[in-house]
>>> print(open('final-v2.pdb').read())   # PDB, C-alpha atoms, pLDDT in the B column
ATOM      1  CA  MET A  28     -15.737  -5.389  -2.366  1.00 78.00           C
ATOM      2  CA  ALA A  29     -14.739  -4.564   1.226  1.00 87.00           C
ATOM      3  CA  THR A  30     -11.134  -4.166   0.076  1.00 90.00           C
ATOM      4  CA  LEU A  31     -12.133  -1.705  -2.644  1.00 93.00           C
ATOM      5  CA  VAL A  32     -14.224   0.330  -0.189  1.00 95.00           C
ATOM      6  CA  ALA A  33     -11.346   0.419   2.310  1.00 94.00           C
ATOM      7  CA  LEU A  34      -8.890   1.519  -0.382  1.00 95.00           C
ATOM      8  CA  ALA A  35     -11.292   4.237  -1.559  1.00 95.00           C
ATOM      9  CA  LEU A  36     -11.669   5.462   2.023  1.00 95.00           C
ATOM     10  CA  PHE A  37      -7.897   5.719   2.435  1.00 95.00           C
ATOM     11  CA  VAL A  38      -7.481   7.599  -0.861  1.00 96.00           C
ATOM     12  CA  ALA A  39     -10.322  10.008  -0.052  1.00 96.00           C
ATOM     13  CA  THR A  40      -8.953  10.733   3.432  1.00 95.00           C
ATOM     14  CA  ALA A  41      -5.369  11.208   2.201  1.00 94.00           C
ATOM     15  CA  LEU A  42      -6.509  13.584  -0.552  1.00 94.00           C
ATOM     16  CA  TRP A  43      -8.765  15.481   1.849  1.00 94.00           C
ATOM     17  CA  THR A  44      -5.946  16.078   4.330  1.00 93.00           C
ATOM     18  CA  GLN A  45      -3.728  17.402   1.513  1.00 90.00           C
ATOM     19  CA  TRP A  46      -6.406  19.918   0.597  1.00 91.00           C
ATOM     20  CA  ALA A  47      -7.587  20.782   4.119  1.00 90.00           C
ATOM     21  CA  ARG A  48      -4.153  21.352   5.661  1.00 90.00           C
ATOM     22  CA  ASP A  49      -2.764  24.644   4.389  1.00 88.00           C
ATOM     23  CA  ASP A  50      -0.104  24.690   7.141  1.00 91.00           C
ATOM     24  CA  LEU A  51       1.934  22.027   5.305  1.00 89.00           C
ATOM     25  CA  ASP A  52       3.447  22.186   1.831  1.00 90.00           C
ATOM     26  CA  TRP A  53       2.189  19.040   0.091  1.00 86.00           C
ATOM     27  CA  VAL A  54       5.289  18.909  -2.129  1.00 91.00           C
ATOM     28  CA  GLN A  55       7.762  18.976   0.780  1.00 91.00           C
ATOM     29  CA  ALA A  56       5.759  17.348   3.606  1.00 90.00           C
ATOM     30  CA  THR A  57       5.611  13.569   3.702  1.00 89.00           C
ATOM     31  CA  LEU A  58       2.213  12.009   4.316  1.00 91.00           C
ATOM     32  CA  SER A  59       3.227  11.001   7.825  1.00 88.00           C
ATOM     33  CA  LEU A  60       3.493  14.682   8.841  1.00 88.00           C
ATOM     34  CA  TYR A  61      -0.264  14.889   8.263  1.00 91.00           C
ATOM     35  CA  LEU A  62      -0.792  12.291  11.005  1.00 89.00           C
ATOM     36  CA  HIS A  63      -0.507  15.098  13.575  1.00 87.00           C
ATOM     37  CA  GLY A  64      -2.647  18.195  13.916  1.00 86.00           C
ATOM     38  CA  PRO A  65      -5.989  18.818  12.200  1.00 89.00           C
ATOM     39  CA  TRP A  66      -7.411  15.694  10.546  1.00 91.00           C
ATOM     40  CA  GLY A  67      -4.539  13.639  11.989  1.00 89.00           C
ATOM     41  CA  LEU A  68      -6.849  11.171  13.717  1.00 92.00           C
ATOM     42  CA  ALA A  69      -8.815  10.666  10.486  1.00 94.00           C
ATOM     43  CA  LEU A  70      -5.619   9.933   8.565  1.00 94.00           C
ATOM     44  CA  ARG A  71      -4.300   7.577  11.267  1.00 94.00           C
ATOM     45  CA  THR A  72      -7.635   5.733  11.092  1.00 94.00           C
ATOM     46  CA  ALA A  73      -7.347   5.627   7.288  1.00 96.00           C
ATOM     47  CA  TYR A  74      -3.856   4.107   7.640  1.00 95.00           C
ATOM     48  CA  CYS A  75      -5.359   1.305   9.744  1.00 95.00           C
ATOM     49  CA  VAL A  76      -8.189   0.856   7.231  1.00 96.00           C
ATOM     50  CA  LEU A  77      -5.584   0.602   4.450  1.00 96.00           C
ATOM     51  CA  ALA A  78      -3.719  -2.002   6.514  1.00 97.00           C
ATOM     52  CA  LEU A  79      -6.907  -4.060   6.872  1.00 96.00           C
ATOM     53  CA  ALA A  80      -7.532  -3.744   3.118  1.00 95.00           C
ATOM     54  CA  ILE A  81      -4.028  -5.085   2.417  1.00 97.00           C
ATOM     55  CA  MET A  82      -4.612  -8.015   4.786  1.00 97.00           C
ATOM     56  CA  LEU A  83      -7.993  -8.828   3.209  1.00 95.00           C
ATOM     57  CA  LEU A  84      -6.553  -8.648  -0.289  1.00 96.00           C
ATOM     58  CA  ALA A  85      -3.640 -10.918   0.649  1.00 96.00           C
ATOM     59  CA  VAL A  86      -5.972 -13.563   2.093  1.00 95.00           C
ATOM     60  CA  SER A  87      -8.341 -13.345  -0.893  1.00 93.00           C
ATOM     61  CA  LEU A  88      -5.556 -13.642  -3.456  1.00 93.00           C
ATOM     62  CA  HIS A  89      -4.049 -16.615  -1.675  1.00 91.00           C
ATOM     63  CA  ALA A  90      -7.395 -18.387  -1.201  1.00 90.00           C
ATOM     64  CA  ASN A  91      -8.492 -17.872  -4.819  1.00 87.00           C
ATOM     65  CA  SER A  92      -5.162 -18.654  -6.463  1.00 83.00           C
ATOM     66  CA  ARG A  93      -4.865 -21.418  -9.046  1.00 83.00           C
ATOM     67  CA  SER A  94      -1.195 -20.711  -9.629  1.00 77.00           C
ATOM     68  CA  PRO A  95       1.290 -23.596  -9.297  1.00 80.00           C
ATOM     69  CA  ARG A  96       3.696 -20.994  -7.877  1.00 77.00           C
ATOM     70  CA  ARG A  97       1.336 -20.199  -5.011  1.00 79.00           C
ATOM     71  CA  SER A  98       3.038 -19.932  -1.616  1.00 86.00           C
ATOM     72  CA  ALA A  99       2.501 -18.224   1.724  1.00 91.00           C
ATOM     73  CA  ALA A 100       5.405 -15.806   1.169  1.00 94.00           C
ATOM     74  CA  ALA A 101       3.429 -13.021  -0.537  1.00 95.00           C
ATOM     75  CA  PRO A 102       0.498 -13.050   1.934  1.00 96.00           C
ATOM     76  CA  LEU A 103       2.922 -13.040   4.868  1.00 97.00           C
ATOM     77  CA  LEU A 104       4.812 -10.082   3.409  1.00 98.00           C
ATOM     78  CA  PHE A 105       1.531  -8.226   2.826  1.00 98.00           C
ATOM     79  CA  TRP A 106       0.548  -8.878   6.453  1.00 98.00           C
ATOM     80  CA  VAL A 107       3.910  -7.675   7.771  1.00 98.00           C
ATOM     81  CA  ALA A 108       3.559  -4.549   5.611  1.00 97.00           C
ATOM     82  CA  ALA A 109       0.072  -3.977   7.025  1.00 97.00           C
ATOM     83  CA  LEU A 110       1.359  -4.374  10.587  1.00 97.00           C
ATOM     84  CA  GLY A 111       4.096  -1.860   9.784  1.00 96.00           C
ATOM     85  CA  LEU A 112       1.466   0.558   8.511  1.00 96.00           C
ATOM     86  CA  MET A 113      -0.528   0.110  11.713  1.00 95.00           C
ATOM     87  CA  GLY A 114       2.695   0.668  13.663  1.00 93.00           C
ATOM     88  CA  VAL A 115       3.093   4.045  11.965  1.00 93.00           C
ATOM     89  CA  ALA A 116      -0.505   5.049  12.699  1.00 92.00           C
ATOM     90  CA  ILE A 117      -0.670   3.797  16.270  1.00 88.00           C
ATOM     91  CA  GLY A 118       2.888   4.811  17.154  1.00 84.00           C
ATOM     92  CA  ASP A 119       2.274   8.348  15.946  1.00 79.00           C
ATOM     93  CA  SER A 120      -0.863   8.533  18.104  1.00 78.00           C
ATOM     94  CA  TRP A 121       0.609   8.447  21.595  1.00 74.00           C
ATOM     95  CA  LEU A 122       4.354   7.767  21.387  1.00 73.00           C
ATOM     96  CA  PRO A 123       5.441  11.349  20.569  1.00 73.00           C
ATOM     97  CA  GLU A 124       4.080  12.563  23.940  1.00 75.00           C
ATOM     98  CA  ARG A 125       4.833   9.528  26.115  1.00 75.00           C
ATOM     99  CA  ALA A 126       8.163   8.399  24.655  1.00 78.00           C
ATOM    100  CA  PRO A 127       9.529  11.196  22.463  1.00 80.00           C
ATOM    101  CA  LEU A 128      12.921   9.537  21.990  1.00 80.00           C
ATOM    102  CA  LEU A 129      11.380   6.194  20.989  1.00 83.00           C
ATOM    103  CA  ALA A 130       8.761   7.643  18.613  1.00 81.00           C
ATOM    104  CA  PRO A 131      11.117   8.364  15.662  1.00 85.00           C
ATOM    105  CA  LEU A 132      12.637   4.880  15.892  1.00 88.00           C
ATOM    106  CA  VAL A 133       9.226   3.163  15.929  1.00 89.00           C
ATOM    107  CA  HIS A 134       8.016   5.369  13.094  1.00 87.00           C
ATOM    108  CA  GLY A 135      11.109   4.745  10.968  1.00 90.00           C
ATOM    109  CA  LEU A 136      11.130   0.982  11.490  1.00 93.00           C
ATOM    110  CA  SER A 137       7.381   0.692  10.900  1.00 94.00           C
ATOM    111  CA  ALA A 138       7.379   2.850   7.764  1.00 93.00           C
ATOM    112  CA  ASN A 139      10.427   1.144   6.251  1.00 94.00           C
ATOM    113  CA  THR A 140       8.937  -2.279   7.003  1.00 96.00           C
ATOM    114  CA  ALA A 141       5.636  -1.297   5.388  1.00 96.00           C
ATOM    115  CA  PHE A 142       7.223   0.082   2.210  1.00 96.00           C
ATOM    116  CA  LEU A 143       9.785  -2.672   1.727  1.00 96.00           C
ATOM    117  CA  CYS A 144       7.444  -5.577   2.508  1.00 97.00           C
ATOM    118  CA  VAL A 145       4.564  -4.321   0.369  1.00 97.00           C
ATOM    119  CA  SER A 146       6.796  -3.707  -2.656  1.00 97.00           C
ATOM    120  CA  VAL A 147       8.402  -7.163  -2.426  1.00 97.00           C
ATOM    121  CA  ALA A 148       4.972  -8.748  -1.821  1.00 97.00           C
ATOM    122  CA  MET A 149       3.640  -7.031  -4.942  1.00 97.00           C
ATOM    123  CA  LEU A 150       6.496  -8.479  -6.988  1.00 96.00           C
ATOM    124  CA  LEU A 151       5.983 -11.985  -5.596  1.00 95.00           C
ATOM    125  CA  GLN A 152       2.211 -11.865  -5.985  1.00 95.00           C
ATOM    126  CA  SER A 153       2.533 -10.625  -9.568  1.00 94.00           C
ATOM    127  CA  TRP A 154       4.918 -13.509 -10.275  1.00 93.00           C
ATOM    128  CA  TYR A 155       2.374 -15.974  -8.864  1.00 92.00           C
ATOM    129  CA  LEU A 156      -0.417 -14.403 -10.934  1.00 92.00           C
ATOM    130  CA  ARG A 157       1.549 -14.906 -14.148  1.00 90.00           C
ATOM    131  CA  ALA A 158       1.106 -18.677 -13.754  1.00 88.00           C
ATOM    132  CA  ASP A 159      -2.616 -18.461 -12.938  1.00 89.00           C
ATOM    133  CA  PRO A 160      -4.718 -19.005 -16.097  1.00 87.00           C
ATOM    134  CA  ARG A 161      -7.402 -16.556 -14.927  1.00 87.00           C
ATOM    135  CA  TRP A 162      -4.854 -13.739 -14.567  1.00 87.00           C
ATOM    136  CA  ARG A 163      -2.745 -14.243 -17.700  1.00 83.00           C
ATOM    137  CA  THR A 164      -3.934 -11.123 -19.519  1.00 88.00           C
ATOM    138  CA  TRP A 165      -3.575  -8.869 -16.499  1.00 89.00           C
ATOM    139  CA  ALA A 166      -0.556 -10.409 -14.752  1.00 89.00           C
ATOM    140  CA  GLY A 167       1.996  -8.885 -17.141  1.00 91.00           C
ATOM    141  CA  PRO A 168       1.004  -5.278 -16.436  1.00 94.00           C
ATOM    142  CA  ALA A 169       0.790  -6.087 -12.705  1.00 94.00           C
ATOM    143  CA  TRP A 170       4.331  -7.470 -12.818  1.00 94.00           C
ATOM    144  CA  TRP A 171       5.758  -4.368 -14.507  1.00 95.00           C
ATOM    145  CA  TRP A 172       3.760  -2.026 -12.271  1.00 96.00           C
ATOM    146  CA  ALA A 173       5.186  -3.825  -9.211  1.00 96.00           C
ATOM    147  CA  TRP A 174       8.693  -3.347 -10.619  1.00 97.00           C
ATOM    148  CA  LEU A 175       7.954   0.347 -11.158  1.00 96.00           C
ATOM    149  CA  CYS A 176       6.947   0.611  -7.512  1.00 95.00           C
ATOM    150  CA  PHE A 177      10.083  -1.193  -6.369  1.00 95.00           C
ATOM    151  CA  VAL A 178      12.356   1.066  -8.437  1.00 95.00           C
ATOM    152  CA  LEU A 179      10.546   4.243  -7.332  1.00 95.00           C
ATOM    153  CA  LEU A 180      10.837   3.176  -3.701  1.00 94.00           C
ATOM    154  CA  TRP A 181      14.606   2.750  -3.975  1.00 93.00           C
ATOM    155  CA  LEU A 182      14.974   6.004  -5.913  1.00 92.00           C
ATOM    156  CA  HIS A 183      13.065   7.741  -3.108  1.00 90.00           C
ATOM    157  CA  VAL A 184      15.348   6.174  -0.496  1.00 89.00           C
ATOM    158  CA  LEU A 185      18.676   6.702  -2.257  1.00 91.00           C
ATOM    159  CA  TRP A 186      18.175   9.940  -4.215  1.00 86.00           C
ATOM    160  CA  ARG A 187      17.673  12.939  -1.929  1.00 82.00           C
ATOM    161  CA  GLY A 188      17.319  15.496  -4.728  1.00 80.00           C
ATOM    162  CA  PRO A 189      13.555  15.537  -5.397  1.00 81.00           C
ATOM    163  CA  PRO A 190      11.139  16.950  -2.796  1.00 88.00           C
ATOM    164  CA  ARG A 191      10.649  14.303  -0.086  1.00 86.00           C
ATOM    165  CA  GLY A 192       6.885  14.707   0.189  1.00 91.00           C
ATOM    166  CA  ALA A 193       6.138  14.443  -3.520  1.00 92.00           C
ATOM    167  CA  GLY A 194       8.483  11.466  -3.895  1.00 92.00           C
ATOM    168  CA  GLN A 195       6.946   9.561  -1.000  1.00 93.00           C
ATOM    169  CA  LYS A 196       3.403  10.295  -2.155  1.00 94.00           C
ATOM    170  CA  LEU A 197       4.273   9.089  -5.661  1.00 95.00           C
ATOM    171  CA  VAL A 198       5.435   5.752  -4.236  1.00 95.00           C
ATOM    172  CA  ILE A 199       2.255   5.499  -2.128  1.00 96.00           C
ATOM    173  CA  ALA A 200       0.103   6.318  -5.168  1.00 96.00           C
ATOM    174  CA  VAL A 201       1.809   3.618  -7.277  1.00 97.00           C
ATOM    175  CA  VAL A 202       1.277   1.059  -4.489  1.00 97.00           C
ATOM    176  CA  VAL A 203      -2.383   2.016  -4.084  1.00 97.00           C
ATOM    177  CA  VAL A 204      -3.028   1.855  -7.847  1.00 97.00           C
ATOM    178  CA  TRP A 205      -1.607  -1.693  -7.889  1.00 97.00           C
ATOM    179  CA  LEU A 206      -3.740  -2.697  -4.874  1.00 97.00           C
ATOM    180  CA  VAL A 207      -6.911  -1.185  -6.353  1.00 96.00           C
ATOM    181  CA  SER A 208      -6.294  -2.811  -9.744  1.00 96.00           C
ATOM    182  CA  VAL A 209      -5.709  -6.253  -8.248  1.00 95.00           C
ATOM    183  CA  ALA A 210      -8.709  -5.915  -5.912  1.00 95.00           C
ATOM    184  CA  TRP A 211     -10.879  -4.824  -8.852  1.00 95.00           C
ATOM    185  CA  GLN A 212      -9.764  -7.778 -11.002  1.00 93.00           C
ATOM    186  CA  LEU A 213     -10.337 -10.191  -8.116  1.00 91.00           C
ATOM    187  CA  TRP A 214     -13.838  -8.803  -7.548  1.00 91.00           C
ATOM    188  CA  ARG A 215     -14.663  -9.069 -11.271  1.00 89.00           C
ATOM    189  CA  GLN A 216     -13.466 -12.685 -11.352  1.00 86.00           C
ATOM    190  CA  ALA A 217     -15.586 -13.530  -8.324  1.00 82.00           C
ATOM    191  CA  ARG A 218     -18.675 -12.069 -10.050  1.00 81.00           C
ATOM    192  CA  ARG A 219     -17.991 -13.983 -13.249  1.00 77.00           C
ATOM    193  CA  GLU A 220     -17.546 -17.389 -11.660  1.00 69.00           C
ATOM    194  CA  PRO A 221     -20.667 -19.554 -11.323  1.00 59.00           C
ATOM    195  CA  ARG A 222     -22.103 -19.700  -7.837  1.00 53.00           C
TER
END
>>> encode(input="final-v2.pdb", output="structure tokens")
Amino acid sequence: MATLVALALFVATALWTQWARDDLDWVQATLSLYLHGPWGLALRTAYCVLALAIMLLAVSLHANSRSPRRSAAAPLLFWVAALGLMGVAIGDSWLPERAPLLAPLVHGLSANTAFLCVSVAMLLQSWYLRADPRWRTWAGPAWWWAWLCFVLLWLHVLWRGPPRGAGQKLVIAVVVVWLVSVAWQLWRQARREPR
């Protein structure tokens, strides 16, 4: 339940900043541009909350797995992605003023790490879920949704035609939908199991 609350908090904060900030064009501006200026601190905090939600979900999925394919690879990738997300939030807090030449490098490495690791972790975790009897009906859609995320991420990276902000936010939305869906299914399974 804590994971679902954290994910909802991130979504609410991200949507609020899109609406509240009329100085940025939501189609052109990437979400990271909203980390500065009005509501920037709230969004940076929401990034860290999202990172904690990803870590919690990774631990819960690994601990509750009955899949013969279960390994530590997916949880580790989720954790690295979460640390990358925290790197974006924390790095954008004080680095631009104290180390302006280092800030873009830290931001780029952290953001790329977060996106790449979370998309690969989603694919691996979906593969593990396919072999878990409790997830058989839902694992197929999770697998294809993870592939959609992976493809959209690479389209966003390689194809510069579409607006950068809308493309990045679409990838983030697809990731968050996968995380919310998996967290919801995990919570429902926990409620169904005898205590």
>>> closest_residue(input="final-v2.pdb", among="A:Gly64, A:Ala35, A:Ala85, A:Gly135", to="Arg48 (chain A)", atoms="only C-alpha atoms")
A:Gly64
>>> atom_distance(input="final-v2.pdb", atom1="CA of Ala33 (chain A)", atom2="CA of Ala73 (chain A)")
8.2 Å
>>> resolve_selection(input="final-v2.pdb", expression="the PyMOL selection byres ((chain A and resi 162-165) around 10)", output="number ranges by chain")
A: 92-94, 153, 155-161, 166-170, 208-209, 212-213, 216
>>> atom_distance(input="final-v2.pdb", atom1="CA of Leu31 (chain A)", atom2="CA of Arg96 (chain A)")
25.5 Å
>>> atom_distance(input="final-v2.pdb", atom1="CA of Asp49 (chain A)", atom2="CA of Gly192 (chain A)")
14.5 Å
>>> closest_residue(input="final-v2.pdb", among="A:Ala148, A:Leu84, A:Leu62, A:Ala130", to="Leu103 (chain A)", atoms="all atoms listed in the file")
A:Ala148
>>> closest_residue(input="final-v2.pdb", among="A:Arg187, A:Leu34, A:Ala90, A:Arg71", to="Trp121 (chain A)", atoms="all atoms listed in the file")
A:Arg71
>>> decode(input="final-v2.pdb", residues="region 150-190 of chain A", atoms="C-alpha atoms", output="mmCIF file, in the first residue's frame")
data_model
loop_
_atom_site.group_PDB
_atom_site.id
_atom_site.type_symbol
_atom_site.label_atom_id
_atom_site.label_comp_id
_atom_site.auth_asym_id
_atom_site.auth_seq_id
_atom_site.Cartn_x
_atom_site.Cartn_y
_atom_site.Cartn_z
ATOM 1 C CA LEU A 150 11.286 -6.532 -18.846
ATOM 2 C CA LEU A 151 13.163 -8.899 -16.530
ATOM 3 C CA GLN A 152 10.546 -8.705 -13.791
ATOM 4 C CA SER A 153 7.754 -9.355 -16.292
ATOM 5 C CA TRP A 154 9.683 -12.392 -17.545
ATOM 6 C CA TYR A 155 9.982 -13.690 -13.973
ATOM 7 C CA LEU A 156 6.265 -13.100 -13.360
ATOM 8 C CA ARG A 157 5.331 -15.220 -16.374
ATOM 9 C CA ALA A 158 6.627 -18.301 -14.530
ATOM 10 C CA ASP A 159 4.871 -17.451 -11.250
ATOM 11 C CA PRO A 160 1.513 -19.284 -11.010
ATOM 12 C CA ARG A 161 -0.118 -16.386 -9.136
ATOM 13 C CA TRP A 162 0.734 -13.933 -11.932
ATOM 14 C CA ARG A 163 -0.054 -16.025 -15.017
ATOM 15 C CA THR A 164 -3.143 -14.076 -16.074
ATOM 16 C CA TRP A 165 -1.529 -10.686 -15.596
ATOM 17 C CA ALA A 166 2.085 -11.419 -16.563
ATOM 18 C CA GLY A 167 1.410 -11.412 -20.316
ATOM 19 C CA PRO A 168 0.083 -7.846 -20.413
ATOM 20 C CA ALA A 169 2.901 -6.755 -18.068
ATOM 21 C CA TRP A 170 5.448 -8.278 -20.448
ATOM 22 C CA TRP A 171 4.051 -6.474 -23.498
ATOM 23 C CA TRP A 172 3.639 -3.209 -21.587
ATOM 24 C CA ALA A 173 7.311 -3.425 -20.540
ATOM 25 C CA TRP A 174 8.276 -3.935 -24.189
ATOM 26 C CA LEU A 175 6.183 -0.905 -25.148
ATOM 27 C CA CYS A 176 8.091 1.142 -22.589
ATOM 28 C CA PHE A 177 11.434 -0.119 -23.866
ATOM 29 C CA VAL A 178 10.568 0.705 -27.488
ATOM 30 C CA LEU A 179 9.176 4.145 -26.587
ATOM 31 C CA LEU A 180 12.317 4.926 -24.604
ATOM 32 C CA TRP A 181 14.561 4.147 -27.573
ATOM 33 C CA LEU A 182 12.290 6.042 -29.966
ATOM 34 C CA HIS A 183 12.545 9.043 -27.629
ATOM 35 C CA VAL A 184 16.340 8.754 -27.565
ATOM 36 C CA LEU A 185 16.926 8.132 -31.271
ATOM 37 C CA TRP A 186 14.116 10.068 -32.982
ATOM 38 C CA ARG A 187 14.427 13.821 -32.453
ATOM 39 C CA GLY A 188 11.336 14.747 -34.474
ATOM 40 C CA PRO A 189 8.550 14.738 -31.856
ATOM 41 C CA PRO A 190 8.460 17.393 -29.111
#
